[in-house]
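J.: Structure file my_file.cif, mmCIF, C-alpha atoms, pLDDT in the B column; chains and numbers go by the auth columns, is pasted below:
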```cif
data_coords
#
loop_
_atom_site.group_PDB
_atom_site.id
_atom_site.type_symbol
_atom_site.label_atom_id
_atom_site.label_comp_id
_atom_site.label_asym_id
_atom_site.label_seq_id
_atom_site.Cartn_x
_atom_site.Cartn_y
_atom_site.Cartn_z
_atom_site.B_iso_or_equiv
_atom_site.auth_seq_id
_atom_site.auth_asym_id
ATOM 1 C CA MET A 1 -14.024 -2.049 -8.323 42.00 1135 A
ATOM 2 C CA PRO A 2 -17.000 -4.351 -8.484 53.00 1136 A
ATOM 3 C CA ASP A 3 -19.435 -1.990 -10.265 82.00 1137 A
ATOM 4 C CA ALA A 4 -17.706 1.076 -11.702 85.00 1138 A
ATOM 5 C CA ALA A 5 -20.927 2.779 -12.837 90.00 1139 A
ATOM 6 C CA LEU A 6 -22.509 2.367 -9.386 92.00 1140 A
ATOM 7 C CA THR A 7 -19.360 3.642 -7.689 94.00 1141 A
ATOM 8 C CA GLU A 8 -19.138 6.692 -9.962 93.00 1142 A
ATOM 9 C CA ASP A 9 -22.824 7.486 -9.358 94.00 1143 A
ATOM 10 C CA LEU A 10 -22.458 7.110 -5.588 95.00 1144 A
ATOM 11 C CA ALA A 11 -19.352 9.324 -5.648 95.00 1145 A
ATOM 12 C CA ARG A 12 -21.109 12.105 -7.596 95.00 1146 A
ATOM 13 C CA ARG A 13 -24.105 11.991 -5.266 95.00 1147 A
ATOM 14 C CA ALA A 14 -21.898 11.868 -2.151 95.00 1148 A
ATOM 15 C CA ALA A 15 -19.865 14.833 -3.413 95.00 1149 A
ATOM 16 C CA ALA A 16 -23.146 16.734 -3.731 94.00 1150 A
ATOM 17 C CA GLY A 17 -23.881 16.073 -0.047 94.00 1151 A
ATOM 18 C CA ASP A 18 -25.989 12.883 -0.145 95.00 1152 A
ATOM 19 C CA THR A 19 -25.039 11.102 3.096 95.00 1153 A
ATOM 20 C CA ALA A 20 -26.798 7.858 2.136 96.00 1154 A
ATOM 21 C CA ALA A 21 -24.752 7.813 -1.066 96.00 1155 A
ATOM 22 C CA LEU A 22 -21.582 8.391 0.978 96.00 1156 A
ATOM 23 C CA ASP A 23 -22.412 5.417 3.200 96.00 1157 A
ATOM 24 C CA GLY A 24 -23.044 3.264 0.125 96.00 1158 A
ATOM 25 C CA LEU A 25 -19.848 4.493 -1.504 96.00 1159 A
ATOM 26 C CA LEU A 26 -17.703 3.669 1.528 96.00 1160 A
ATOM 27 C CA GLN A 27 -19.199 0.193 1.688 96.00 1161 A
ATOM 28 C CA GLU A 28 -18.683 -0.320 -2.055 95.00 1162 A
ATOM 29 C CA ILE A 29 -15.013 0.764 -2.083 96.00 1163 A
ATOM 30 C CA ARG A 30 -13.906 -0.879 1.185 96.00 1164 A
ATOM 31 C CA PRO A 31 -12.693 -4.227 -0.329 95.00 1165 A
ATOM 32 C CA GLU A 32 -10.895 -2.542 -3.240 92.00 1166 A
ATOM 33 C CA THR A 33 -9.324 0.003 -0.910 95.00 1167 A
ATOM 34 C CA LEU A 34 -7.954 -2.741 1.335 93.00 1168 A
ATOM 35 C CA ARG A 35 -6.589 -4.609 -1.690 90.00 1169 A
ATOM 36 C CA ARG A 36 -4.863 -1.486 -3.003 88.00 1170 A
ATOM 37 C CA CYS A 37 -3.418 -0.655 0.421 90.00 1171 A
ATOM 38 C CA GLY A 38 -2.120 -4.216 0.573 86.00 1172 A
ATOM 39 C CA ARG A 39 -0.103 -3.517 -2.596 81.00 1173 A
ATOM 40 C CA PHE A 40 1.781 -0.800 -0.720 82.00 1174 A
ATOM 41 C CA LEU A 41 2.156 -2.174 2.787 81.00 1175 A
ATOM 42 C CA PRO A 42 3.596 -5.590 3.711 71.00 1176 A
ATOM 43 C CA CYS A 43 1.690 -6.309 6.903 81.00 1177 A
ATOM 44 C CA ARG A 44 -2.065 -6.910 6.709 85.00 1178 A
ATOM 45 C CA GLU A 45 -2.712 -4.955 9.905 89.00 1179 A
ATOM 46 C CA ASP A 46 -0.848 -1.955 8.477 88.00 1180 A
ATOM 47 C CA ALA A 47 -2.775 -2.215 5.220 89.00 1181 A
ATOM 48 C CA GLU A 48 -6.044 -2.370 7.176 93.00 1182 A
ATOM 49 C CA GLU A 49 -5.077 0.740 9.170 93.00 1183 A
ATOM 50 C CA ALA A 50 -4.188 2.570 5.964 93.00 1184 A
ATOM 51 C CA ALA A 51 -7.481 1.458 4.386 95.00 1185 A
ATOM 52 C CA GLN A 52 -9.353 2.908 7.364 96.00 1186 A
ATOM 53 C CA ASP A 53 -7.421 6.156 6.896 96.00 1187 A
ATOM 54 C CA VAL A 54 -8.397 6.153 3.212 96.00 1188 A
ATOM 55 C CA LEU A 55 -12.082 5.660 4.010 96.00 1189 A
ATOM 56 C CA LEU A 56 -11.913 8.434 6.593 96.00 1190 A
ATOM 57 C CA GLN A 57 -10.262 10.769 4.069 96.00 1191 A
ATOM 58 C CA VAL A 58 -12.869 9.908 1.450 96.00 1192 A
ATOM 59 C CA ALA A 59 -15.649 10.671 3.946 96.00 1193 A
ATOM 60 C CA ARG A 60 -14.050 13.958 4.969 96.00 1194 A
ATOM 61 C CA ARG A 61 -13.002 15.124 1.515 95.00 1195 A
ATOM 62 C CA ILE A 62 -15.606 13.726 -0.885 96.00 1196 A
ATOM 63 C CA THR A 63 -16.892 17.251 -1.495 93.00 1197 A
ATOM 64 C CA THR A 64 -13.554 18.054 -3.170 92.00 1198 A
ATOM 65 C CA PHE A 65 -14.266 15.384 -5.802 91.00 1199 A
ATOM 66 C CA GLU A 66 -15.413 17.451 -8.777 87.00 1200 A
ATOM 67 C CA GLY A 67 -16.117 14.649 -11.228 83.00 1201 A
ATOM 68 C CA ARG A 68 -13.660 15.929 -13.866 80.00 1202 A
ATOM 69 C CA SER A 69 -11.915 12.565 -13.751 78.00 1203 A
ATOM 70 C CA ARG A 70 -13.184 9.187 -12.655 84.00 1204 A
ATOM 71 C CA PHE A 71 -13.718 8.659 -8.948 91.00 1205 A
ATOM 72 C CA SER A 72 -11.382 5.657 -9.071 86.00 1206 A
ATOM 73 C CA THR A 73 -8.587 7.991 -10.209 82.00 1207 A
ATOM 74 C CA TRP A 74 -9.297 10.343 -7.309 88.00 1208 A
ATOM 75 C CA LEU A 75 -9.395 7.370 -4.951 91.00 1209 A
ATOM 76 C CA TYR A 76 -6.014 6.041 -6.172 86.00 1210 A
ATOM 77 C CA THR A 77 -4.465 9.334 -5.130 84.00 1211 A
ATOM 78 C CA VAL A 78 -5.978 9.115 -1.654 91.00 1212 A
ATOM 79 C CA VAL A 79 -4.822 5.485 -1.316 91.00 1213 A
ATOM 80 C CA ALA A 80 -1.268 6.304 -2.400 86.00 1214 A
ATOM 81 C CA ASN A 81 -1.023 9.274 -0.059 87.00 1215 A
ATOM 82 C CA CYS A 82 -2.461 7.433 2.955 91.00 1216 A
ATOM 83 C CA CYS A 83 -0.220 4.402 2.409 89.00 1217 A
ATOM 84 C CA ARG A 84 2.861 6.555 2.049 86.00 1218 A
ATOM 85 C CA GLN A 85 1.906 8.399 5.244 89.00 1219 A
ATOM 86 C CA LYS A 86 1.370 5.093 7.085 89.00 1220 A
ATOM 87 C CA TYR A 87 4.793 3.887 5.879 85.00 1221 A
ATOM 88 C CA ARG A 88 6.463 7.036 7.214 83.00 1222 A
ATOM 89 C CA GLU A 89 4.692 6.488 10.519 86.00 1223 A
ATOM 90 C CA LEU A 90 5.908 2.862 10.644 80.00 1224 A
ATOM 91 C CA LYS A 91 9.467 3.939 9.902 79.00 1225 A
ATOM 92 C CA ARG A 92 9.321 6.569 12.617 81.00 1226 A
ATOM 93 C CA ARG A 93 7.961 4.036 15.133 77.00 1227 A
ATOM 94 C CA ALA A 94 10.601 1.472 14.160 73.00 1228 A
ATOM 95 C CA ALA A 95 13.345 4.050 14.687 73.00 1229 A
ATOM 96 C CA GLU A 96 11.952 4.997 18.104 74.00 1230 A
ATOM 97 C CA GLN A 97 11.411 1.418 19.362 67.00 1231 A
ATOM 98 C CA PRO A 98 14.042 0.013 21.690 57.00 1232 A
ATOM 99 C CA ALA A 99 15.753 -2.981 20.073 50.00 1233 A
ATOM 100 C CA GLU A 100 14.860 -5.357 22.918 48.00 1234 A
ATOM 101 C CA ILE A 101 11.084 -5.278 22.248 42.00 1235 A
ATOM 102 C CA GLU A 102 10.290 -8.641 20.630 45.00 1236 A
ATOM 103 C CA PRO A 103 11.884 -7.899 17.255 41.00 1237 A
ATOM 104 C CA ALA A 104 10.586 -11.116 15.685 42.00 1238 A
ATOM 105 C CA ARG A 105 6.996 -10.011 16.238 45.00 1239 A
ATOM 106 C CA TYR A 106 7.256 -6.778 14.255 46.00 1240 A
ATOM 107 C CA ALA A 107 8.253 -6.416 10.614 46.00 1241 A
ATOM 108 C CA ASP A 108 10.871 -3.705 10.370 46.00 1242 A
ATOM 109 C CA PRO A 109 9.918 -1.548 7.364 45.00 1243 A
ATOM 110 C CA ARG A 110 13.546 -0.487 6.956 41.00 1244 A
ATOM 111 C CA THR A 111 14.701 -4.016 6.163 38.00 1245 A
ATOM 112 C CA THR A 112 11.626 -5.716 4.733 39.00 1246 A
ATOM 113 C CA SER A 113 11.700 -5.606 0.945 36.00 1247 A
ATOM 114 C CA VAL A 114 9.185 -8.088 -0.378 35.00 1248 A
ATOM 115 C CA ILE A 115 6.351 -9.617 1.609 33.00 1249 A
ATOM 116 C CA ALA A 116 3.196 -10.917 -0.012 32.00 1250 A
ATOM 117 C CA GLY A 117 3.935 -9.078 -3.229 35.00 1251 A
ATOM 118 C CA SER A 118 4.428 -5.688 -1.563 40.00 1252 A
ATOM 119 C CA ARG A 119 7.617 -3.744 -2.054 54.00 1253 A
ATOM 120 C CA VAL A 120 8.582 -1.639 0.917 59.00 1254 A
ATOM 121 C CA ASP A 121 11.811 -0.704 -0.842 74.00 1255 A
ATOM 122 C CA LEU A 122 9.623 1.085 -3.384 74.00 1256 A
ATOM 123 C CA LEU A 123 8.061 3.162 -0.598 77.00 1257 A
ATOM 124 C CA GLU A 124 11.543 4.016 0.631 81.00 1258 A
ATOM 125 C CA ALA A 125 12.533 4.985 -2.923 83.00 1259 A
ATOM 126 C CA LEU A 126 9.415 7.168 -3.223 83.00 1260 A
ATOM 127 C CA ASP A 127 10.311 8.937 0.012 83.00 1261 A
ATOM 128 C CA ARG A 128 13.818 9.568 -1.268 87.00 1262 A
ATOM 129 C CA LEU A 129 12.515 10.731 -4.646 87.00 1263 A
ATOM 130 C CA GLU A 130 10.119 13.100 -2.890 87.00 1264 A
ATOM 131 C CA ARG A 131 13.016 14.637 -0.974 90.00 1265 A
ATOM 132 C CA GLU A 132 15.294 14.941 -4.004 92.00 1266 A
ATOM 133 C CA ARG A 133 12.963 15.438 -7.006 93.00 1267 A
ATOM 134 C CA PRO A 134 9.371 15.948 -5.752 89.00 1268 A
ATOM 135 C CA HIS A 135 7.918 16.725 -9.192 92.00 1269 A
ATOM 136 C CA LEU A 136 8.766 13.170 -10.310 91.00 1270 A
ATOM 137 C CA VAL A 137 6.741 11.385 -7.610 87.00 1271 A
ATOM 138 C CA ALA A 138 3.225 11.826 -9.031 86.00 1272 A
ATOM 139 C CA PRO A 139 4.012 10.354 -12.474 90.00 1273 A
ATOM 140 C CA LEU A 140 5.617 7.280 -10.904 86.00 1274 A
ATOM 141 C CA VAL A 141 2.767 6.762 -8.428 83.00 1275 A
ATOM 142 C CA TYR A 142 -0.032 7.272 -10.965 82.00 1276 A
ATOM 143 C CA ARG A 143 1.416 5.132 -13.732 84.00 1277 A
ATOM 144 C CA ASP A 144 3.495 2.412 -12.060 80.00 1278 A
ATOM 145 C CA ILE A 145 1.671 1.943 -8.763 75.00 1279 A
ATOM 146 C CA CYS A 146 -1.911 2.985 -9.478 74.00 1280 A
ATOM 147 C CA ARG A 147 -1.568 1.669 -13.049 75.00 1281 A
ATOM 148 C CA LEU A 148 -3.544 4.466 -14.636 79.00 1282 A
ATOM 149 C CA GLU A 149 -3.461 4.901 -18.401 86.00 1283 A
ATOM 150 C CA TYR A 150 -0.934 7.526 -19.527 91.00 1284 A
ATOM 151 C CA ALA A 151 -3.542 10.107 -20.548 90.00 1285 A
ATOM 152 C CA GLU A 152 -5.528 9.734 -17.334 85.00 1286 A
ATOM 153 C CA ALA A 153 -2.380 9.838 -15.204 85.00 1287 A
ATOM 154 C CA ALA A 154 -1.155 12.988 -16.981 89.00 1288 A
ATOM 155 C CA GLU A 155 -4.547 14.603 -16.460 85.00 1289 A
ATOM 156 C CA ARG A 156 -4.513 13.672 -12.775 80.00 1290 A
ATOM 157 C CA ALA A 157 -0.989 15.085 -12.400 84.00 1291 A
ATOM 158 C CA GLY A 158 -2.136 18.257 -14.147 87.00 1292 A
ATOM 159 C CA ILE A 159 0.599 18.241 -16.776 93.00 1293 A
ATOM 160 C CA PRO A 160 0.692 17.664 -20.559 95.00 1294 A
ATOM 161 C CA LEU A 161 1.080 14.059 -21.721 94.00 1295 A
ATOM 162 C CA GLY A 162 4.565 14.644 -23.164 95.00 1296 A
ATOM 163 C CA THR A 163 5.772 16.223 -19.935 95.00 1297 A
ATOM 164 C CA PHE A 164 4.213 13.388 -17.965 94.00 1298 A
ATOM 165 C CA LYS A 165 6.031 10.749 -20.039 95.00 1299 A
ATOM 166 C CA SER A 166 9.306 12.624 -19.716 95.00 1300 A
ATOM 167 C CA ARG A 167 8.956 12.907 -15.942 94.00 1301 A
ATOM 168 C CA LEU A 168 7.945 9.256 -15.647 93.00 1302 A
ATOM 169 C CA HIS A 169 11.020 8.213 -17.606 94.00 1303 A
ATOM 170 C CA GLU A 170 13.242 10.348 -15.380 94.00 1304 A
ATOM 171 C CA ALA A 171 11.542 9.040 -12.213 91.00 1305 A
ATOM 172 C CA ARG A 172 12.096 5.436 -13.281 90.00 1306 A
ATOM 173 C CA ARG A 173 15.723 6.230 -14.121 91.00 1307 A
ATOM 174 C CA GLN A 174 16.227 7.802 -10.668 90.00 1308 A
ATOM 175 C CA VAL A 175 14.497 5.027 -8.714 86.00 1309 A
ATOM 176 C CA ARG A 176 15.897 1.981 -10.546 85.00 1310 A
ATOM 177 C CA PRO A 177 19.336 1.983 -8.864 85.00 1311 A
ATOM 178 C CA TRP A 178 17.785 2.536 -5.436 81.00 1312 A
ATOM 179 C CA LEU A 179 15.586 -0.523 -5.907 74.00 1313 A
ATOM 180 C CA THR A 180 18.527 -2.565 -7.166 65.00 1314 A
ATOM 181 C CA ASP A 181 20.613 -1.548 -4.146 57.00 1315 A
ATOM 182 C CA ALA A 182 17.824 -2.525 -1.754 50.00 1316 A
ATOM 183 C CA SER A 183 17.315 -5.998 -3.255 46.00 1317 A
#
```
Would it be possible to restate this file's structure as structure tokens?

T.:
Amino acid sequence: MPDAALTEDLARRAAAGDTAALDGLLQEIRPETLRRCGRFLPCREDAEEAAQDVLLQVARRITTFEGRSRFSTWLYTVVANCCRQKYRELKRRAAEQPAEIEPARYADPRTTSVIAGSRVDLLEALDRLERERPHLVAPLVYRDICRLEYAEAAERAGIPLGTFKSRLHEARRQVRPWLTDAS
């Protein structure tokens, strides 16, 4: 984020009910939010929709930000959750669309693996991991996607560092063959 100290201050004030601070915070995080959503979703329009969802969630839920961790850590969680939700929505729409509707115009999230540096196969793997081993999702998202430091990611996941590292190792082991198969 452009100015971490400013963002943290705005977040604390917004969480306390300062609406002007909330407006400033949303404006400050908008470019970073779009960039982070773009890491998850292959199509710019989809990333923009997810970024709007993130900003809406931040506005609605800022009072739940307690300041125990950095705001950017809290925001990463919102971004990851909104992008994963948008991906599920895209998959559902793709499954419901009749095949004859201009298929070249729409990227099919079931078959698109790498576009502009985004890995949709990773989102598919996260969905599968969530179904099969849900306790392994948070470590993988916080460390490998949000790129948080181990200690901060463990704190955000609410588990001891050793447990976090163990779960991350297991999550990577589970997901690796799924990513290889999708490539």

J.: Report the distance between atom CA of A:Ala1150 and atom CA of A:Arg1195 in Å, rounded to one decimal place.

T.: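 Separating atom CA of A:Ala1150 from atom CA of A:Arg1195 is a distance of 11.5 Å.
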
J.: Quick one: which residues end up in the PyMOL selection byres ((chain A and resi 1214) around 8) for this structure, as a PyMOL selection string?

T.: chain A and resi 1171+1174+1210-1213+1215-1218+1275+1280

J.: Could you check which of A:Arg1306, A:Arg1222, A:Arg1170, A:Lys1299 is closest to A:Leu1257, using only C-alpha atoms?

T.: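 Ranked by minimum distance to A:Leu1257, first place goes to A:Arg1222.
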
J.: Set the distance at 12 Å and use all atoms listed in the file: which residues neighbour A:Asp1137 once local chain neighbours fewer than 3 positions away are removed? I'd like the list as a PyMOL selection string.

T.: chain A and resi 1140-1144+1159+1162-1163+1166+1206

J.: Check the smallest atom-to-atom distance from each of A:Arg1169, A:Glu1283, A:Arg1307, A:Phe1205 to A:Ala1139 using all atoms listed in the file, then report the winner.

T.: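 Answer, going by the shortest atom-to-atom distance: A:Phe1205.
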
J.: Written as a compact mmCIF listing (two decimals) with C-alpha atoms, in the frame of the given file, which residues does the PyMOL selection byres ((chain A and resi 1185) around 8) give for the file shown?

T.:
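Result went into selection-v3.txt, see below:
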```txt
# COMPACT_ATOMS: atom_id res chain seq x y z
CA ARG A 1164 -13.91 -0.88 1.18
CA THR A 1167 -9.32 0.00 -0.91
CA LEU A 1168 -7.95 -2.74 1.34
CA CYS A 1171 -3.42 -0.66 0.42
CA ALA A 1181 -2.78 -2.22 5.22
CA GLU A 1182 -6.04 -2.37 7.18
CA GLU A 1183 -5.08 0.74 9.17
CA ALA A 1184 -4.19 2.57 5.96
CA GLN A 1186 -9.35 2.91 7.36
CA ASP A 1187 -7.42 6.16 6.90
CA VAL A 1188 -8.40 6.15 3.21
CA LEU A 1189 -12.08 5.66 4.01
CA VAL A 1213 -4.82 5.48 -1.32
CA CYS A 1216 -2.46 7.43 2.96
```
